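Novice: First the structure, which I've put down as structure tokens, then a few questions once you've had a look.
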Amino acid sequence: MKVFVNPEVCIGCTLCTQICPEVFKMHEDKSTVYVNPVPEKLKDSCRQAVESCPVNAITQEG
């Protein structure tokens, strides 16, 4: 599984970084992914972060 954050859509709410801080970090005022592919043990929390994004700025493959 790989995840991507669209910086043009991200509003910097930090929700993904709160749900899955092992994968998402804030860079300036936008979320970024710093672990790709997502390790097996983090897939559930990462999916929750993707589904929780209020502006659908995060996409996943796999």
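The way I read the labels, and the way they are meant: chains A, B, ... in the order of the structure tokens, residue 1 as the first residue of every chain, and ligand 1 as the first ligand shown, with later ones counted on from there.
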Name all residues at most 7 Å from Val23 of chain A (count only C-alpha atoms; drop same-chain ones fewer than 5 positions away) and give them as a list in words.
Specialist: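 Listed by chain and then number, they are Val33, Tyr34 and Val35 of chain A.
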Novice: Give me, as a list in words, all polymer residues having an atom no more than 9 Å from Val9 of chain A, counting only C-alpha atoms and skipping those fewer than 6 positions away in the same chain.
Specialist: Val55, Asn56, Ala57 and Ile58 of chain A
Novice: If we count only C-alpha atoms, what is near Cys46 of chain A at a cut-off of 9 Å, once residues fewer than 4 positions away on the same chain are taken out, given as number ranges by chain?
Specialist: A: 3, 16, 19-20, 22-24, 38, 42, 50-51
Novice: Which one is closest to Glu8 of chain A: A:Ser52, A:Pro39, A:Lys25, A:Ser31? Count only C-alpha atoms.
Specialist: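 Comparing A:Ser52, A:Pro39, A:Lys25, A:Ser31 against Glu8 of chain A, the winner is A:Ser31.
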Novice: Among segment 3-57 of chain A, which residues carry a DSSP assignment of strand (DSSP E), reported as a short mmCIF file (atom, residue, chain, number, x, y, z; two decimals) with all heavy atoms, in the first residue's frame?
Specialist:
data_model
loop_
_atom_site.label_atom_id
_atom_site.label_comp_id
_atom_site.auth_asym_id
_atom_site.auth_seq_id
_atom_site.Cartn_x
_atom_site.Cartn_y
_atom_site.Cartn_z
N VAL A 3 0.60 5.65 -0.10
CA VAL A 3 -0.30 6.78 0.09
C VAL A 3 0.37 8.06 -0.41
O VAL A 3 1.60 8.17 -0.42
CB VAL A 3 -0.73 6.96 1.56
CG1 VAL A 3 -1.67 5.86 1.98
CG2 VAL A 3 0.45 7.04 2.50
N PHE A 4 -0.46 9.00 -0.82
CA PHE A 4 0.01 10.25 -1.37
C PHE A 4 -0.87 11.39 -0.85
O PHE A 4 -2.08 11.23 -0.73
CB PHE A 4 -0.07 10.23 -2.90
CG PHE A 4 0.64 9.05 -3.51
CD1 PHE A 4 -0.06 7.86 -3.76
CD2 PHE A 4 1.99 9.09 -3.79
CE1 PHE A 4 0.59 6.76 -4.30
CE2 PHE A 4 2.64 7.98 -4.32
CZ PHE A 4 1.94 6.83 -4.58
N VAL A 5 -0.26 12.52 -0.56
CA VAL A 5 -1.00 13.71 -0.14
C VAL A 5 -0.88 14.75 -1.26
O VAL A 5 0.23 15.08 -1.69
CB VAL A 5 -0.44 14.31 1.17
CG1 VAL A 5 -1.17 15.60 1.52
CG2 VAL A 5 -0.57 13.31 2.31
N PHE A 24 2.49 9.99 8.45
CA PHE A 24 2.26 11.38 8.04
C PHE A 24 2.94 12.35 8.99
O PHE A 24 2.91 12.19 10.20
CB PHE A 24 0.75 11.69 8.04
CG PHE A 24 -0.03 10.83 7.09
CD1 PHE A 24 -0.68 9.69 7.54
CD2 PHE A 24 -0.12 11.15 5.75
CE1 PHE A 24 -1.40 8.89 6.68
CE2 PHE A 24 -0.84 10.35 4.87
CZ PHE A 24 -1.48 9.22 5.34
N LYS A 25 3.55 13.37 8.41
CA LYS A 25 4.17 14.46 9.18
C LYS A 25 3.76 15.78 8.52
O LYS A 25 3.50 15.84 7.33
CB LYS A 25 5.70 14.37 9.15
CG LYS A 25 6.26 13.19 9.87
CD LYS A 25 6.36 13.42 11.34
CE LYS A 25 7.09 12.27 12.02
NZ LYS A 25 6.74 12.07 13.36
N MET A 26 3.78 16.83 9.32
CA MET A 26 3.52 18.16 8.77
C MET A 26 4.83 18.75 8.27
O MET A 26 5.87 18.62 8.91
CB MET A 26 2.91 19.09 9.82
CG MET A 26 1.53 18.66 10.29
SD MET A 26 0.30 18.55 8.98
CE MET A 26 0.08 20.28 8.57
N HIS A 27 4.78 19.36 7.12
CA HIS A 27 5.91 20.09 6.56
C HIS A 27 5.39 21.47 6.21
O HIS A 27 4.54 21.60 5.32
CB HIS A 27 6.48 19.40 5.34
CG HIS A 27 7.60 20.15 4.70
ND1 HIS A 27 8.81 20.35 5.32
CD2 HIS A 27 7.69 20.77 3.51
CE1 HIS A 27 9.59 21.05 4.53
NE2 HIS A 27 8.92 21.33 3.43
N LYS A 30 1.46 21.87 5.43
CA LYS A 30 0.83 20.77 4.70
C LYS A 30 1.32 19.43 5.24
O LYS A 30 2.43 19.29 5.72
CB LYS A 30 1.17 20.84 3.20
CG LYS A 30 0.83 22.15 2.54
CD LYS A 30 -0.65 22.34 2.40
CE LYS A 30 -0.94 23.67 1.70
NZ LYS A 30 -2.34 23.86 1.49
N SER A 31 0.47 18.43 5.10
CA SER A 31 0.85 17.08 5.47
C SER A 31 1.71 16.48 4.37
O SER A 31 1.51 16.76 3.18
CB SER A 31 -0.41 16.23 5.67
OG SER A 31 -0.05 14.89 5.91
N THR A 32 2.65 15.64 4.78
CA THR A 32 3.47 14.90 3.82
C THR A 32 3.56 13.45 4.27
O THR A 32 3.40 13.14 5.45
CB THR A 32 4.90 15.47 3.71
OG1 THR A 32 5.51 15.41 4.99
CG2 THR A 32 4.89 16.89 3.20
N VAL A 33 3.81 12.59 3.31
CA VAL A 33 4.01 11.16 3.60
C VAL A 33 5.51 10.94 3.65
O VAL A 33 6.24 11.35 2.76
CB VAL A 33 3.39 10.30 2.48
CG1 VAL A 33 3.69 8.83 2.71
CG2 VAL A 33 1.90 10.54 2.39
#
Novice: One number please: atom CA of Pro7 of chain A to atom CA of Gly62 of chain A, in Å, one decimal.
Specialist: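 Separation of atom CA of Pro7 of chain A and atom CA of Gly62 of chain A: 20.8 Å.
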Novice: At what distance in Å, to one decimal, does atom CA of Lys41 of chain A lie from atom CA of Glu28 of chain A?
Specialist: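 Distance between the two atoms: 27.4 Å.
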Novice: My list of candidates is A:Asn6, A:Gln60, A:Pro21, A:Asp29. Which is closest to Arg47 of chain A when distances are computed with only C-alpha atoms?
Specialist: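 Using only C-alpha atoms, the shortest distance to Arg47 of chain A belongs to A:Gln60.
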Novice: Just give me the gap between atom CA of Gln18 of chain A and atom CA of Thr59 of chain A in Å, one decimal is fine.
Specialist: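 About the pair atom CA of Gln18 of chain A and atom CA of Thr59 of chain A: they are 17.2 Å apart.
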